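J.: Below you'll find my_file.cif; it's mmCIF, C-alpha atoms; chains and numbers go by the auth columns.
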data_run
loop_
_atom_site.group_PDB
_atom_site.id
_atom_site.type_symbol
_atom_site.label_atom_id
_atom_site.label_comp_id
_atom_site.label_asym_id
_atom_site.label_seq_id
_atom_site.Cartn_x
_atom_site.Cartn_y
_atom_site.Cartn_z
_atom_site.B_iso_or_equiv
_atom_site.auth_seq_id
_atom_site.auth_asym_id
ATOM 1 C CA MET A 1 0.000 0.000 0.000 0.00 1 P
ATOM 2 C CA ARG A 2 1.079 3.587 -0.709 0.00 2 P
ATOM 3 C CA ARG A 3 -0.277 6.529 1.297 0.00 3 P
ATOM 4 C CA LEU A 4 -0.232 10.031 -0.197 0.00 4 P
ATOM 5 C CA ILE A 5 -0.795 13.224 1.763 0.00 5 P
ATOM 6 C CA LEU A 6 -1.528 16.321 -0.302 0.00 6 P
ATOM 7 C CA LEU A 7 -1.158 19.513 1.741 0.00 7 P
ATOM 8 C CA ARG A 8 -1.845 22.998 0.462 0.00 8 P
ATOM 9 C CA HIS A 9 0.502 25.592 1.951 0.00 9 P
ATOM 10 C CA ALA A 10 -0.803 27.657 4.860 0.00 10 P
ATOM 11 C CA LYS A 11 -2.283 31.136 4.326 0.00 11 P
ATOM 12 C CA SER A 12 0.232 33.547 2.844 0.00 12 P
ATOM 13 C CA ASP A 13 0.760 37.258 2.777 0.00 13 P
ATOM 14 C CA ARG A 14 1.007 39.463 -0.320 0.00 14 P
ATOM 15 C CA PRO A 15 3.633 42.088 0.533 0.00 15 P
ATOM 16 C CA ALA A 16 4.109 44.859 -1.994 0.00 16 P
ATOM 17 C CA GLY A 17 7.095 44.341 -4.241 0.00 17 P
ATOM 18 C CA VAL A 18 7.488 40.629 -3.418 0.00 18 P
ATOM 19 C CA ALA A 19 7.227 38.194 -6.309 0.00 19 P
ATOM 20 C CA ASP A 20 4.736 35.340 -5.969 0.00 20 P
ATOM 21 C CA HIS A 21 7.463 32.734 -5.369 0.00 21 P
ATOM 22 C CA GLY A 22 8.785 34.755 -2.416 0.00 22 P
ATOM 23 C CA ARG A 23 5.476 35.349 -0.608 0.00 23 P
ATOM 24 C CA PRO A 24 5.735 34.458 3.120 0.00 24 P
ATOM 25 C CA LEU A 25 3.059 33.112 5.433 0.00 25 P
ATOM 26 C CA ASN A 26 0.792 35.573 7.202 0.00 26 P
ATOM 27 C CA ASP A 27 -0.121 35.378 10.908 0.00 27 P
ATOM 28 C CA ARG A 28 -2.962 32.911 10.360 0.00 28 P
ATOM 29 C CA GLY A 29 -0.699 30.731 8.242 0.00 29 P
ATOM 30 C CA ARG A 30 2.001 30.731 10.919 0.00 30 P
ATOM 31 C CA ARG A 31 -0.618 29.500 13.420 0.00 31 P
ATOM 32 C CA ALA A 32 -2.215 26.938 11.111 0.00 32 P
ATOM 33 C CA ALA A 33 0.918 25.150 9.880 0.00 33 P
ATOM 34 C CA PRO A 34 2.102 23.774 13.240 0.00 34 P
ATOM 35 C CA ALA A 35 -1.502 22.903 14.185 0.00 35 P
ATOM 36 C CA VAL A 36 -1.819 20.840 11.011 0.00 36 P
ATOM 37 C CA GLY A 37 1.507 19.098 11.699 0.00 37 P
ATOM 38 C CA THR A 38 0.371 18.262 15.217 0.00 38 P
ATOM 39 C CA ARG A 39 -2.965 16.916 13.933 0.00 39 P
ATOM 40 C CA LEU A 40 -1.254 14.655 11.396 0.00 40 P
ATOM 41 C CA ALA A 41 1.100 13.339 14.091 0.00 41 P
ATOM 42 C CA GLU A 42 -1.829 12.729 16.475 0.00 42 P
ATOM 43 C CA GLU A 43 -3.586 10.792 13.717 0.00 43 P
ATOM 44 C CA GLY A 44 -0.466 8.666 13.242 0.00 44 P
ATOM 45 C CA VAL A 45 0.000 9.903 9.689 0.00 45 P
ATOM 46 C CA ARG A 46 3.743 10.415 9.362 0.00 46 P
ATOM 47 C CA PRO A 47 5.411 10.701 5.975 0.00 47 P
ATOM 48 C CA ASP A 48 8.625 8.940 5.068 0.00 48 P
ATOM 49 C CA LEU A 49 9.345 11.555 2.405 0.00 49 P
ATOM 50 C CA ALA A 50 8.280 15.173 1.872 0.00 50 P
ATOM 51 C CA LEU A 51 8.143 16.662 -1.640 0.00 51 P
ATOM 52 C CA VAL A 52 7.910 20.413 -1.109 0.00 52 P
ATOM 53 C CA SER A 53 7.552 23.275 -3.582 0.00 53 P
ATOM 54 C CA THR A 54 10.420 25.753 -3.470 0.00 54 P
ATOM 55 C CA ALA A 55 8.089 28.732 -2.899 0.00 55 P
ATOM 56 C CA GLN A 56 8.665 30.624 0.346 0.00 56 P
ATOM 57 C CA ARG A 57 5.159 29.899 1.686 0.00 57 P
ATOM 58 C CA THR A 58 5.491 26.141 1.160 0.00 58 P
ATOM 59 C CA ARG A 59 8.963 26.065 2.710 0.00 59 P
ATOM 60 C CA GLU A 60 7.668 27.981 5.762 0.00 60 P
ATOM 61 C CA THR A 61 4.627 25.700 6.029 0.00 61 P
ATOM 62 C CA TRP A 62 6.823 22.610 5.988 0.00 62 P
ATOM 63 C CA ALA A 63 9.370 24.078 8.415 0.00 63 P
ATOM 64 C CA ALA A 64 6.575 24.720 10.941 0.00 64 P
ATOM 65 C CA MET A 65 5.355 21.128 10.854 0.00 65 P
ATOM 66 C CA ALA A 66 8.296 18.850 9.978 0.00 66 P
ATOM 67 C CA ALA A 67 9.499 18.328 13.559 0.00 67 P
ATOM 68 C CA ALA A 68 6.046 17.145 14.688 0.00 68 P
ATOM 69 C CA LEU A 69 6.197 14.560 11.906 0.00 69 P
ATOM 70 C CA GLY A 70 9.640 13.228 12.797 0.00 70 P
ATOM 71 C CA ASP A 71 11.658 15.363 10.352 0.00 71 P
ATOM 72 C CA PRO A 72 11.330 13.030 7.362 0.00 72 P
ATOM 73 C CA GLU A 73 13.601 13.300 4.344 0.00 73 P
ATOM 74 C CA THR A 74 12.692 16.454 2.425 0.00 74 P
ATOM 75 C CA ARG A 75 13.150 17.115 -1.275 0.00 75 P
ATOM 76 C CA TRP A 76 12.639 20.645 -2.522 0.00 76 P
ATOM 77 C CA GLN A 77 10.821 20.360 -5.863 0.00 77 P
ATOM 78 C CA ARG A 78 10.655 23.415 -8.132 0.00 78 P
ATOM 79 C CA GLU A 79 8.393 21.320 -10.405 0.00 79 P
ATOM 80 C CA ILE A 80 5.564 21.533 -7.849 0.00 80 P
ATOM 81 C CA TYR A 81 5.416 25.351 -7.975 0.00 81 P
ATOM 82 C CA GLU A 82 2.573 26.517 -10.279 0.00 82 P
ATOM 83 C CA ALA A 83 2.135 22.898 -11.382 0.00 83 P
ATOM 84 C CA SER A 84 -0.903 21.242 -12.884 0.00 84 P
ATOM 85 C CA ALA A 85 -2.363 18.090 -11.389 0.00 85 P
ATOM 86 C CA GLN A 86 -0.566 16.034 -14.058 0.00 86 P
ATOM 87 C CA GLN A 87 2.794 17.683 -13.308 0.00 87 P
ATOM 88 C CA ILE A 88 2.414 16.979 -9.576 0.00 88 P
ATOM 89 C CA LEU A 89 1.402 13.390 -10.321 0.00 89 P
ATOM 90 C CA THR A 90 4.590 12.984 -12.367 0.00 90 P
ATOM 91 C CA VAL A 91 6.651 14.120 -9.352 0.00 91 P
ATOM 92 C CA VAL A 92 4.759 11.733 -7.039 0.00 92 P
ATOM 93 C CA ARG A 93 5.243 8.821 -9.438 0.00 93 P
ATOM 94 C CA SER A 94 8.999 9.371 -9.254 0.00 94 P
ATOM 95 C CA ALA A 95 9.067 8.889 -5.463 0.00 95 P
ATOM 96 C CA PRO A 96 11.138 5.929 -4.298 0.00 96 P
ATOM 97 C CA ASP A 97 9.153 2.828 -3.378 0.00 97 P
ATOM 98 C CA SER A 98 11.094 2.698 -0.103 0.00 98 P
ATOM 99 C CA ALA A 99 8.829 5.571 1.043 0.00 99 P
ATOM 100 C CA GLY A 100 5.482 4.085 2.021 0.00 100 P
ATOM 101 C CA THR A 101 3.952 7.477 2.855 0.00 101 P
ATOM 102 C CA VAL A 102 4.720 10.653 0.902 0.00 102 P
ATOM 103 C CA ILE A 103 3.537 14.196 1.604 0.00 103 P
ATOM 104 C CA VAL A 104 3.388 16.827 -1.133 0.00 104 P
ATOM 105 C CA VAL A 105 3.315 20.440 0.042 0.00 105 P
ATOM 106 C CA GLY A 106 2.135 22.572 -2.837 0.00 106 P
ATOM 107 C CA HIS A 107 -0.356 24.961 -4.363 0.00 107 P
ATOM 108 C CA ASN A 108 -3.798 25.219 -5.867 0.00 108 P
ATOM 109 C CA PRO A 109 -5.336 24.685 -8.300 0.00 109 P
ATOM 110 C CA GLY A 110 -3.046 21.766 -9.176 0.00 110 P
ATOM 111 C CA LEU A 111 -3.066 20.159 -5.742 0.00 111 P
ATOM 112 C CA GLY A 112 -6.842 20.271 -5.319 0.00 112 P
ATOM 113 C CA ASP A 113 -7.370 19.033 -8.863 0.00 113 P
ATOM 114 C CA LEU A 114 -4.998 16.125 -8.230 0.00 114 P
ATOM 115 C CA ALA A 115 -6.728 15.203 -4.962 0.00 115 P
ATOM 116 C CA SER A 116 -10.109 15.097 -6.689 0.00 116 P
ATOM 117 C CA ALA A 117 -8.745 13.123 -9.637 0.00 117 P
ATOM 118 C CA LEU A 118 -6.990 10.481 -7.537 0.00 118 P
ATOM 119 C CA ALA A 119 -9.803 9.855 -5.033 0.00 119 P
ATOM 120 C CA GLY A 120 -12.003 7.333 -6.829 0.00 120 P
ATOM 121 C CA GLU A 121 -13.285 5.811 -3.590 0.00 121 P
ATOM 122 C CA GLY A 122 -14.185 7.105 -0.161 0.00 122 P
ATOM 123 C CA PRO A 123 -17.181 8.877 1.341 0.00 123 P
ATOM 124 C CA ARG A 124 -19.095 10.536 -1.513 0.00 124 P
ATOM 125 C CA ALA A 125 -20.018 13.612 0.561 0.00 125 P
ATOM 126 C CA VAL A 126 -16.370 14.209 1.439 0.00 126 P
ATOM 127 C CA ARG A 127 -15.233 13.733 -2.168 0.00 127 P
ATOM 128 C CA ASP A 128 -17.933 16.166 -3.299 0.00 128 P
ATOM 129 C CA ARG A 129 -16.751 18.744 -0.736 0.00 129 P
ATOM 130 C CA LEU A 130 -13.164 18.256 -1.883 0.00 130 P
ATOM 131 C CA ALA A 131 -14.198 18.969 -5.468 0.00 131 P
ATOM 132 C CA LEU A 132 -15.577 22.339 -4.325 0.00 132 P
ATOM 133 C CA GLU A 133 -12.806 23.532 -2.015 0.00 133 P
ATOM 134 C CA PHE A 134 -9.223 22.891 -1.020 0.00 134 P
ATOM 135 C CA PRO A 135 -8.423 25.792 1.329 0.00 135 P
ATOM 136 C CA THR A 136 -5.000 26.836 2.533 0.00 136 P
ATOM 137 C CA ALA A 137 -3.466 24.452 5.099 0.00 137 P
ATOM 138 C CA ALA A 138 -6.000 21.743 4.209 0.00 138 P
ATOM 139 C CA TYR A 139 -4.832 18.211 3.551 0.00 139 P
ATOM 140 C CA VAL A 140 -6.096 14.951 2.152 0.00 140 P
ATOM 141 C CA VAL A 141 -4.849 11.456 2.804 0.00 141 P
ATOM 142 C CA ILE A 142 -5.332 9.048 -0.095 0.00 142 P
ATOM 143 C CA ASP A 143 -4.445 5.350 0.004 0.00 143 P
ATOM 144 C CA PHE A 144 -3.480 3.235 -2.994 0.00 144 P
ATOM 145 C CA ASP A 145 -3.467 -0.551 -3.226 0.00 145 P
ATOM 146 C CA THR A 146 -0.074 -0.786 -4.914 0.00 146 P
ATOM 147 C CA ASP A 147 3.552 -1.245 -3.949 0.00 147 P
ATOM 148 C CA HIS A 148 4.871 1.227 -6.516 0.00 148 P
ATOM 149 C CA TRP A 149 4.452 4.989 -6.731 0.00 149 P
ATOM 150 C CA SER A 150 4.863 4.745 -10.489 0.00 150 P
ATOM 151 C CA ALA A 151 1.585 2.776 -10.639 0.00 151 P
ATOM 152 C CA ILE A 152 -0.759 5.296 -9.019 0.00 152 P
ATOM 153 C CA ALA A 153 -3.345 6.746 -11.361 0.00 153 P
ATOM 154 C CA PRO A 154 -6.486 8.886 -11.334 0.00 154 P
ATOM 155 C CA GLY A 155 -9.515 7.206 -9.833 0.00 155 P
ATOM 156 C CA GLN A 156 -7.495 4.463 -8.121 0.00 156 P
ATOM 157 C CA GLY A 157 -7.131 6.029 -4.683 0.00 157 P
ATOM 158 C CA ARG A 158 -9.325 5.731 -1.616 0.00 158 P
ATOM 159 C CA LEU A 159 -9.874 9.033 0.187 0.00 159 P
ATOM 160 C CA ASP A 160 -9.090 8.344 3.829 0.00 160 P
ATOM 161 C CA ARG A 161 -9.636 11.885 5.126 0.00 161 P
ATOM 162 C CA PHE A 162 -9.947 15.523 4.145 0.00 162 P
ATOM 163 C CA VAL A 163 -9.093 17.978 6.931 0.00 163 P
ATOM 164 C CA ARG A 164 -9.374 21.754 6.748 0.00 164 P
ATOM 165 C CA PRO A 165 -7.756 24.093 9.298 0.00 165 P
ATOM 166 C CA ARG A 166 -11.197 25.099 10.626 0.00 166 P
ATOM 167 C CA ASP A 167 -11.822 21.395 11.378 0.00 167 P
ATOM 168 C CA ILE A 168 -8.861 21.584 13.787 0.00 168 P
ATOM 169 C CA ASP A 169 -9.624 25.027 15.244 0.00 169 P
ATOM 170 C CA PRO A 170 -12.412 27.362 14.026 0.00 170 P
ATOM 171 C CA ASP A 171 -10.093 30.354 14.576 0.00 171 P
ATOM 172 C CA LEU A 172 -7.752 29.058 11.874 0.00 172 P
ATOM 173 C CA GLY A 173 -10.367 29.681 9.161 0.00 173 P
ATOM 174 C CA GLY A 174 -9.380 28.611 5.687 0.00 174 P
#
Would you kindly transcribe this structure into structure tokens?
T.:
Amino acid sequence: MRRLILLRHAKSDRPAGVADHGRPLNDRGRRAAPAVGTRLAEEGVRPDLALVSTAQRTRETWAAMAAALGDPETRWQREIYEASAQQILTVVRSAPDSAGTVIVVGHNPGLGDLASALAGEGPRAVRDRLALEFPTAAYVVIDFDTDHWSAIAPGQGRLDRFVRPRDIDPDLGG
């Protein structure tokens, strides 16, 4: 079995004069990221490998949660920044099979589109909600009945959970 966690970066700021790639987290994002890391750890969902976009907001999101998840191996992936669902899937398929659980920290719309495309099974109401929204700092956990990352494909995953920051703490919004 392979387990994939897709995590959208926490809420970011838009400072004047800062290019999109360099946008940092805002206050809400700095509160949400460690809360999400703690929730994943409490749920026993710990990645063996993190594939993280090189954007500032994704790096800050991951830095705020990695310790709670045991500081897994991290690979900074420029290919995830501004990527389509298919481009992100290509990165995931290249993950080593020695990693049973992989987390991707990235951006919408690609990440949300990929989550919806991969989740062929799971609670219909949750899959429908996922198709409508994938807010900042939200994550999905999708399981695949395969031993190889290269074999995962749209519609073959089972949605295990979809958690938004407001599900953890209403003050986190998102």
J.: For Asp97 of chain P, which residue out of P:Ser150, P:Asn26, P:Thr136, P:Ser12 is the nearest one, using all atoms listed in the file?
T.: P:Ser150
J.: Please write as a list in words the list of polymer residues whose atoms come within 12 Å of (-12.9, 30.5, 9.6), counting all atoms listed in the file and keeping to the coordinates of the file.
T.: Lys11, Arg28, Ala32, Pro135, Thr136, Arg164, Pro165, Arg166, Asp167, Ile168, Asp169, Pro170, Asp171, Leu172, Gly173 and Gly174 of chain P
J.: Under the rule that all atoms listed in the file are counted, which of P:Arg129, P:His148, P:His107, P:Arg23 is the nearest residue to Leu6 of chain P?
T.: P:His107
J.: What residues have an atom no more than 12 Å from (1.7, 13.5, 11.1) in the file's own frame, counting all atoms listed in the file, and can you write them as a ChimeraX atom specification?
T.: /P:4-5,7,33-50,62,65-72,101-103,139-141
J.: Could you write those residues out with C-alpha atoms, as a compact mmCIF listing (two decimals), in the coordinates of the input?
T.:
# COMPACT_ATOMS: atom_id res chain seq x y z
CA LEU P 4 -0.23 10.03 -0.20
CA ILE P 5 -0.80 13.22 1.76
CA LEU P 7 -1.16 19.51 1.74
CA ALA P 33 0.92 25.15 9.88
CA PRO P 34 2.10 23.77 13.24
CA ALA P 35 -1.50 22.90 14.18
CA VAL P 36 -1.82 20.84 11.01
CA GLY P 37 1.51 19.10 11.70
CA THR P 38 0.37 18.26 15.22
CA ARG P 39 -2.96 16.92 13.93
CA LEU P 40 -1.25 14.66 11.40
CA ALA P 41 1.10 13.34 14.09
CA GLU P 42 -1.83 12.73 16.48
CA GLU P 43 -3.59 10.79 13.72
CA GLY P 44 -0.47 8.67 13.24
CA VAL P 45 0.00 9.90 9.69
CA ARG P 46 3.74 10.42 9.36
CA PRO P 47 5.41 10.70 5.98
CA ASP P 48 8.62 8.94 5.07
CA LEU P 49 9.35 11.56 2.40
CA ALA P 50 8.28 15.17 1.87
CA TRP P 62 6.82 22.61 5.99
CA MET P 65 5.36 21.13 10.85
CA ALA P 66 8.30 18.85 9.98
CA ALA P 67 9.50 18.33 13.56
CA ALA P 68 6.05 17.14 14.69
CA LEU P 69 6.20 14.56 11.91
CA GLY P 70 9.64 13.23 12.80
CA ASP P 71 11.66 15.36 10.35
CA PRO P 72 11.33 13.03 7.36
CA THR P 101 3.95 7.48 2.86
CA VAL P 102 4.72 10.65 0.90
CA ILE P 103 3.54 14.20 1.60
CA TYR P 139 -4.83 18.21 3.55
CA VAL P 140 -6.10 14.95 2.15
CA VAL P 141 -4.85 11.46 2.80
J.: Apply the PyMOL selection byres ((chain P and resi 82) around 9) to the displayed file and report the matching residues as a ChimeraX atom specification.
T.: /P:53,78-81,83-84,106-110
J.: Applied to the shown file, which residues does the PyMOL selection byres ((chain P and resi 59) around 10) return, written as a PyMOL selection string?
T.: chain P and resi 9+24-25+52-58+60-64+76+105-106
J.: Create the file for the chosen residues now, containing C-alpha atoms and written as a short mmCIF file (atom, residue, chain, number, x, y, z; two decimals), keeping the file's coordinate frame.
T.:
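Written out: part_29.cif:
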data_model
loop_
_atom_site.label_atom_id
_atom_site.label_comp_id
_atom_site.auth_asym_id
_atom_site.auth_seq_id
_atom_site.Cartn_x
_atom_site.Cartn_y
_atom_site.Cartn_z
CA HIS P 9 0.50 25.59 1.95
CA PRO P 24 5.74 34.46 3.12
CA LEU P 25 3.06 33.11 5.43
CA VAL P 52 7.91 20.41 -1.11
CA SER P 53 7.55 23.28 -3.58
CA THR P 54 10.42 25.75 -3.47
CA ALA P 55 8.09 28.73 -2.90
CA GLN P 56 8.66 30.62 0.35
CA ARG P 57 5.16 29.90 1.69
CA THR P 58 5.49 26.14 1.16
CA GLU P 60 7.67 27.98 5.76
CA THR P 61 4.63 25.70 6.03
CA TRP P 62 6.82 22.61 5.99
CA ALA P 63 9.37 24.08 8.41
CA ALA P 64 6.58 24.72 10.94
CA TRP P 76 12.64 20.64 -2.52
CA VAL P 105 3.32 20.44 0.04
CA GLY P 106 2.13 22.57 -2.84
#
J.: How far is it from atom CA of Arg31 of chain P to atom CA of Leu159 of chain P, in Å with one decimal?
T.: 26.1 Å
J.: With distances taken over all atoms listed in the file, which of P:Arg8, P:Arg93, P:Arg30, P:Arg2 is nearest to Ala115 of chain P?
T.: P:Arg8
J.: Using atom CA of Leu132 of chain P and atom CA of Gly29 of chain P as the two end points, give the distance in Å to one decimal.
T.: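 For atom CA of Leu132 of chain P relative to atom CA of Gly29 of chain P, the distance reads 21.2 Å.
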J.: For a test of reading the model, state the distance in Å between atom CA of Ser116 of chain P and atom CA of Ser94 of chain P, rounded to one decimal.
T.: 20.1 Å
J.: Using the chain letters and numbering of this document, enumerate as number ranges by chain the residues selected by the PyMOL selection byres ((chain P and resi 118) around 8).
T.: P: 114-117, 119-120, 142, 153-158
J.: Which of these residues is nearest to Val126 of chain P, using all atoms listed in the file: P:Ile88, P:Ala138, P:Ala95, P:Val163?
T.: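 Looking at the shortest contact to Val126 of chain P, the residue is P:Val163.
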J.: Using only C-alpha atoms for the distances, tell me which of P:Phe162, P:Gly17, P:Phe144, P:Ala10 is nearest to Gly100 of chain P.
T.: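 Once distances to Gly100 of chain P are computed over only C-alpha atoms, the minimum belongs to P:Phe144.
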J.: Listed atoms of segment 151-163 of chain P, axis-aligned box, 4 Å per side: centre and edge lengths to one decimal in Å, as AutoDock Vina command-line options?
T.:
--center_x -4.2 --center_y 10.4 --center_z -2.2 --size_x 19.5 --size_y 23.2 --size_z 26.3
J.: When you count all atoms listed in the file, which of these residues is closest to Trp149 of chain P: P:Pro15, P:Gly122, P:Gly22, P:Thr90?
T.: P:Thr90
